[in-house]
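S.K.: Below you'll find the structure I mean.
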Amino acid sequence: RMLEEILASDHVVVVNDARTDPRTNKEVVAQLGNRTIINVPLLLADERLGVVGCGTFGDEEGVRPPQAWHLEFLQTLAGHVAVALDRVRFILARKLAEDALYQEKERLQVTLHSISDAVITTNASGELLYINPIAEALAGYSLAAAVGHPYRTVFGLQAHADDDTPPPDLVADAMATGQTQRYAQLNLTRHETHPVLVEAAASPIRDADGEVQGAVLVFRDVTEQRRLSQEMAFQAT
């Protein structure tokens with residue numbers, strides 16, 4: 001009965017003498033030697049976090065009914081313990097969330113590394129956050145060298161035309177429209193090597209509230225494909 005009261009109560013439970021109190025299990029009391037028992041619930045915003053207890057044992061300590069200031073002190077102590085436990089619970093929950101986010105990020109990195117197309121991500125300002133190995137090879141920059149730089153500096157894109165068509169801003173286009181933008185042919189100027197012809201797609205990256213925070217760009221090198229198409233067209237004439 002006493003255990004049930006302790007688990008259900010929102011107030012201090014006091015047993016002056018466990019040997020005579022009808023709520024106690026006398027076999028357990030005989031084994032443990034309990035005399036006076038005090039149990040204070042750990043409550044925080046009406047949520048029960050546990051119980052903190054103390055008491056006396058055996059004939060030497062005897063029966064010592066608590067005074068009012070004893071109970072006030074224990075309740076104050078229980079309040080501090082409840083706050084500390086809630087803090088520990090919060091830290092544990094945050095750690096679990098961080099671990100889950102890290103694992104998700106690792107899975108995403110593995111996926112992006114295995115994709116055969118060049119994939120890059122940017123923030124809303126167009127600064128590079130990530131480029132996969134194919135993008136590294138395509139641009140001639142390593143991930144470490146590229147991150148933080150404007151994507152247009154690392155990936156020099158030009159419209160595939162003989163006129164003075166200005167180069168497109170893939171990130172700005174994707175963020176402005178909020179939709180995926182596709183580009184059939186663009187010239188990509190690579191670091192210290194010849195330019196290549198690429199197909200590109202740019203999609204906005206949204207946060208949990210739906211706000212656009214950046215863009216993901218995908219490039220595919222179609223230089224060889226274009227060359228073969230031109231050869232076949234030439235042979236057919």
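So you can find residues: chains in the structure tokens are A, B, ... in the order shown, residues in each start at 1, and ligands are numbered from 1 in order.
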Can you pull out the residues contacting range 131-147 of chain A? Cut-off 7 Å, using only C-alpha atoms, and skip same-chain residues under 6 positions away; I want them as a list in words.

M.R.: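 Within the cut-off, the hits are Leu112, His113, Ser116, Asp117, Ala118, Val119, Ile120, Thr121, Val154, Phe155, Arg190 and His191 of chain A.
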
S.K.: For the residues in that selection, give me all heavy atoms as a CSV table (one decimal), in the first residue's frame.

M.R.:
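again.csv was written with the following content:
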```
chain,number,residue,atom,x,y,z
A,112,LEU,N,25.5,10.7,-52.2
A,112,LEU,CA,26.0,11.7,-53.2
A,112,LEU,C,27.4,11.3,-53.8
A,112,LEU,O,27.6,11.6,-54.9
A,112,LEU,CB,26.2,13.1,-52.5
A,112,LEU,CG,24.9,13.7,-52.0
A,112,LEU,CD1,25.1,15.0,-51.3
A,112,LEU,CD2,24.0,14.0,-53.3
A,113,HIS,N,28.2,10.6,-53.0
A,113,HIS,CA,29.5,10.2,-53.5
A,113,HIS,C,29.3,9.1,-54.6
A,113,HIS,O,30.2,8.9,-55.4
A,113,HIS,CB,30.3,9.6,-52.3
A,113,HIS,CG,31.2,10.6,-51.7
A,113,HIS,ND1,30.6,11.7,-51.0
A,113,HIS,CD2,32.5,10.8,-51.6
A,113,HIS,CE1,31.6,12.5,-50.5
A,113,HIS,NE2,32.7,11.9,-50.8
A,116,SER,N,26.7,9.3,-60.3
A,116,SER,CA,27.6,9.4,-61.4
A,116,SER,C,27.6,10.8,-62.0
A,116,SER,O,28.4,11.2,-62.8
A,116,SER,CB,27.2,8.4,-62.5
A,116,SER,OG,25.8,8.6,-62.9
A,117,ASP,N,26.6,11.7,-61.5
A,117,ASP,CA,26.6,13.1,-62.0
A,117,ASP,C,27.3,13.9,-61.0
A,117,ASP,O,27.5,13.6,-59.8
A,117,ASP,CB,25.1,13.5,-62.1
A,117,ASP,CG,24.4,12.8,-63.3
A,117,ASP,OD1,25.1,12.4,-64.2
A,117,ASP,OD2,23.2,12.7,-63.2
A,118,ALA,N,27.7,15.1,-61.4
A,118,ALA,CA,28.3,16.1,-60.5
A,118,ALA,C,27.2,16.8,-59.7
A,118,ALA,O,26.2,17.3,-60.3
A,118,ALA,CB,29.1,17.1,-61.3
A,119,VAL,N,27.3,16.8,-58.4
A,119,VAL,CA,26.3,17.4,-57.5
A,119,VAL,C,26.9,18.4,-56.6
A,119,VAL,O,28.0,18.1,-56.0
A,119,VAL,CB,25.6,16.3,-56.7
A,119,VAL,CG1,24.5,16.9,-55.8
A,119,VAL,CG2,24.9,15.2,-57.6
A,120,ILE,N,26.4,19.6,-56.6
A,120,ILE,CA,26.9,20.6,-55.6
A,120,ILE,C,25.7,21.2,-54.9
A,120,ILE,O,24.5,21.2,-55.4
A,120,ILE,CB,27.7,21.7,-56.4
A,120,ILE,CG1,26.7,22.6,-57.2
A,120,ILE,CG2,28.7,21.1,-57.3
A,120,ILE,CD1,27.4,23.8,-57.8
A,121,THR,N,25.9,21.7,-53.7
A,121,THR,CA,24.9,22.4,-52.9
A,121,THR,C,25.4,23.8,-52.5
A,121,THR,O,26.6,23.9,-52.3
A,121,THR,CB,24.4,21.7,-51.7
A,121,THR,OG1,25.6,21.4,-50.8
A,121,THR,CG2,23.8,20.3,-52.1
A,154,VAL,N,33.9,28.8,-59.0
A,154,VAL,CA,34.4,27.4,-59.1
A,154,VAL,C,33.9,26.8,-60.4
A,154,VAL,O,34.7,26.1,-61.1
A,154,VAL,CB,34.1,26.6,-57.9
A,154,VAL,CG1,34.5,25.2,-58.0
A,154,VAL,CG2,34.6,27.2,-56.6
A,155,PHE,N,32.6,27.0,-60.7
A,155,PHE,CA,32.0,26.4,-61.9
A,155,PHE,C,31.7,27.6,-62.8
A,155,PHE,O,30.6,28.2,-62.8
A,155,PHE,CB,30.8,25.6,-61.5
A,155,PHE,CG,31.0,24.4,-60.7
A,155,PHE,CD1,31.1,24.5,-59.3
A,155,PHE,CD2,31.2,23.2,-61.3
A,155,PHE,CE1,31.4,23.4,-58.6
A,155,PHE,CE2,31.5,22.1,-60.6
A,155,PHE,CZ,31.6,22.1,-59.2
A,190,ARG,N,36.6,24.9,-66.8
A,190,ARG,CA,37.3,24.1,-65.7
A,190,ARG,C,38.6,24.8,-65.3
A,190,ARG,O,39.2,25.4,-66.1
A,190,ARG,CB,37.5,22.7,-66.1
A,190,ARG,CG,36.2,22.0,-66.4
A,190,ARG,CD,36.4,20.5,-66.6
A,190,ARG,NE,37.2,20.1,-67.7
A,190,ARG,CZ,37.5,18.9,-68.0
A,190,ARG,NH1,37.1,17.9,-67.2
A,190,ARG,NH2,38.3,18.6,-69.0
A,191,HIS,N,39.0,24.5,-64.1
A,191,HIS,CA,40.3,25.0,-63.6
A,191,HIS,C,41.4,24.4,-64.3
A,191,HIS,O,41.7,23.2,-64.2
A,191,HIS,CB,40.3,24.7,-62.1
A,191,HIS,CG,41.5,25.3,-61.4
A,191,HIS,ND1,41.9,26.6,-61.5
A,191,HIS,CD2,42.5,24.7,-60.6
A,191,HIS,CE1,43.0,26.8,-60.8
A,191,HIS,NE2,43.4,25.6,-60.3
```

S.K.: Taking the backbone alone, and naming residues the way the document does, which bits of range 6-157 of chain A are alpha helix (DSSP H) by DSSP, as a ChimeraX atom specification?

M.R.: /A:6-8,26-32,58-61,68-114,133-139,143-146,151-154

S.K.: Skip range 193-207 of chain A itself and residues of its chain fewer than 4 positions away, then list as a PyMOL selection string all residues within 10 Å of it, counting only C-alpha atoms.

M.R.: chain A and resi 117-124+138-140+156-160+169-189+211-227

S.K.: Using only C-alpha atoms, which residue out of A:Val83, A:Arg94, A:Asp17, A:Asp209 lies closest to Thr56 in chain A?

M.R.: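 Of A:Val83, A:Arg94, A:Asp17, A:Asp209, the one nearest Thr56 in chain A is A:Asp17, counting only C-alpha atoms.
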
S.K.: Could you tell me, as an MDAnalysis selection string, which residues of chain A DSSP assigns to strand (DSSP E) when given the backbone?

M.R.: chainID A and resid 13:15 34:44 47:57 118:123 128:131 156:159 181:189 196:206 212:221

S.K.: From the set A:Val51, A:Asp46, A:Gly58, A:Pro66, which residue has the shortest atom-to-atom contact distance to Gly33 in chain A, counting only C-alpha atoms?

M.R.: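 Closest to Gly33 in chain A, using only C-alpha atoms: A:Gly58.
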
S.K.: Go through A:Ala208, A:Val63, A:Leu71, A:Leu85 one by one, measure the shortest atom-to-atom distance of each to Leu42 in chain A using only C-alpha atoms, and give the residue with the smallest value.

M.R.: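 Selected residue with least distance to Leu42 in chain A: A:Leu85.
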
S.K.: Nearest to Leu77 in chain A among A:Phe57, A:Arg64, A:Leu3, A:Pro41, with distances taken over only C-alpha atoms: which residue is it?

M.R.: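 The shortest atom-to-atom distance to Leu77 in chain A comes from A:Pro41.
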
S.K.: By how many Å are CA of Thr24 in chain A and CA of Glu47 in chain A apart?

M.R.: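 According to the coordinates, CA of Thr24 in chain A and CA of Glu47 in chain A are separated by 25.9 Å.
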
S.K.: Suppose you want the space between CA of Ala84 in chain A and CA of Leu49 in chain A; what is it in Å?

M.R.: 10.6 Å

S.K.: What's the 9 Å shell around range 4-6 of chain A, counting only C-alpha atoms, without same-chain residues fewer than 2 positions away, as a compact mmCIF listing (two decimals) with all heavy atoms, in the first residue's frame?

M.R.:
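Listing of selection-v1.txt after writing:
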```
# COMPACT_ATOMS: atom_id res chain seq x y z
N ARG A 1 0.82 -1.21 0.00
CA ARG A 1 0.00 0.00 0.00
C ARG A 1 0.85 1.26 0.00
O ARG A 1 0.52 2.23 -0.67
CB ARG A 1 -0.93 0.01 1.21
CG ARG A 1 -2.04 -1.02 1.17
CD ARG A 1 -2.84 -1.01 2.46
NE ARG A 1 -3.30 0.33 2.77
CZ ARG A 1 -3.88 0.67 3.92
NH1 ARG A 1 -4.03 -0.23 4.87
NH2 ARG A 1 -4.29 1.91 4.13
N MET A 2 1.94 1.25 0.76
CA MET A 2 2.77 2.44 0.83
C MET A 2 3.42 2.72 -0.52
O MET A 2 3.50 3.88 -0.97
CB MET A 2 3.86 2.26 1.90
CG MET A 2 4.68 3.54 2.12
SD MET A 2 6.10 3.31 3.21
CE MET A 2 7.18 2.34 2.14
N ALA A 8 1.76 7.20 -6.63
CA ALA A 8 0.59 7.94 -7.10
C ALA A 8 0.49 9.35 -6.52
O ALA A 8 -0.20 10.20 -7.08
CB ALA A 8 -0.69 7.17 -6.78
N SER A 9 1.15 9.62 -5.42
CA SER A 9 0.93 10.87 -4.71
C SER A 9 1.72 12.02 -5.31
O SER A 9 2.75 11.82 -5.96
CB SER A 9 1.30 10.71 -3.23
OG SER A 9 2.70 10.53 -3.11
N ASP A 10 1.21 13.24 -5.09
CA ASP A 10 1.92 14.44 -5.48
C ASP A 10 2.36 15.21 -4.24
O ASP A 10 2.64 16.41 -4.30
CB ASP A 10 1.04 15.32 -6.37
CG ASP A 10 -0.28 15.70 -5.68
OD1 ASP A 10 -0.50 15.26 -4.53
OD2 ASP A 10 -1.07 16.43 -6.29
N HIS A 11 2.43 14.52 -3.11
CA HIS A 11 2.82 15.15 -1.86
C HIS A 11 3.81 14.24 -1.14
O HIS A 11 4.03 13.09 -1.54
CB HIS A 11 1.59 15.38 -0.96
CG HIS A 11 0.86 14.11 -0.65
ND1 HIS A 11 -0.12 13.60 -1.48
CD2 HIS A 11 0.97 13.22 0.39
CE1 HIS A 11 -0.58 12.46 -0.97
NE2 HIS A 11 0.06 12.23 0.17
N VAL A 12 4.41 14.77 -0.08
CA VAL A 12 5.37 14.00 0.71
C VAL A 12 4.65 12.87 1.45
O VAL A 12 3.60 13.08 2.06
CB VAL A 12 6.10 14.91 1.72
CG1 VAL A 12 7.07 14.09 2.57
CG2 VAL A 12 6.81 16.04 1.00
N VAL A 13 5.22 11.67 1.38
CA VAL A 13 4.66 10.51 2.10
C VAL A 13 5.59 10.21 3.27
O VAL A 13 6.77 9.94 3.07
CB VAL A 13 4.54 9.29 1.18
CG1 VAL A 13 4.04 8.08 1.97
CG2 VAL A 13 3.60 9.60 0.01
N ARG A 23 0.60 0.50 6.31
CA ARG A 23 0.85 0.58 4.88
C ARG A 23 2.10 -0.18 4.45
O ARG A 23 2.31 -0.43 3.26
CB ARG A 23 0.99 2.05 4.45
CG ARG A 23 -0.26 2.89 4.65
CD ARG A 23 0.05 4.37 4.41
NE ARG A 23 0.96 4.89 5.43
CZ ARG A 23 1.44 6.14 5.44
NH1 ARG A 23 1.10 6.97 4.46
NH2 ARG A 23 2.24 6.54 6.40
N ASN A 39 9.38 10.00 1.77
CA ASN A 39 9.48 9.98 0.31
C ASN A 39 8.88 11.26 -0.27
O ASN A 39 7.75 11.62 0.05
CB ASN A 39 8.75 8.77 -0.27
CG ASN A 39 9.52 7.48 -0.03
OD1 ASN A 39 10.52 7.20 -0.67
ND2 ASN A 39 9.05 6.70 0.94
N VAL A 40 9.67 11.93 -1.11
CA VAL A 40 9.24 13.20 -1.72
C VAL A 40 9.18 13.00 -3.24
O VAL A 40 10.18 12.60 -3.84
CB VAL A 40 10.21 14.34 -1.38
CG1 VAL A 40 9.68 15.66 -1.92
CG2 VAL A 40 10.44 14.41 0.12
N PRO A 41 8.04 13.29 -3.87
CA PRO A 41 7.94 13.13 -5.32
C PRO A 41 8.77 14.18 -6.06
O PRO A 41 8.90 15.32 -5.60
CB PRO A 41 6.44 13.31 -5.60
CG PRO A 41 5.95 14.16 -4.49
CD PRO A 41 6.77 13.77 -3.28
N VAL A 51 11.09 9.77 -7.48
CA VAL A 51 10.91 9.99 -6.04
C VAL A 51 12.29 10.04 -5.39
O VAL A 51 13.19 9.29 -5.77
CB VAL A 51 10.09 8.85 -5.39
CG1 VAL A 51 10.01 9.05 -3.89
CG2 VAL A 51 8.70 8.78 -5.99
```

S.K.: Mind pulling up the distance from CA of Thr36 in chain A to CA of Phe73 in chain A?

M.R.: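 Between these atoms lies a distance of 16.7 Å.
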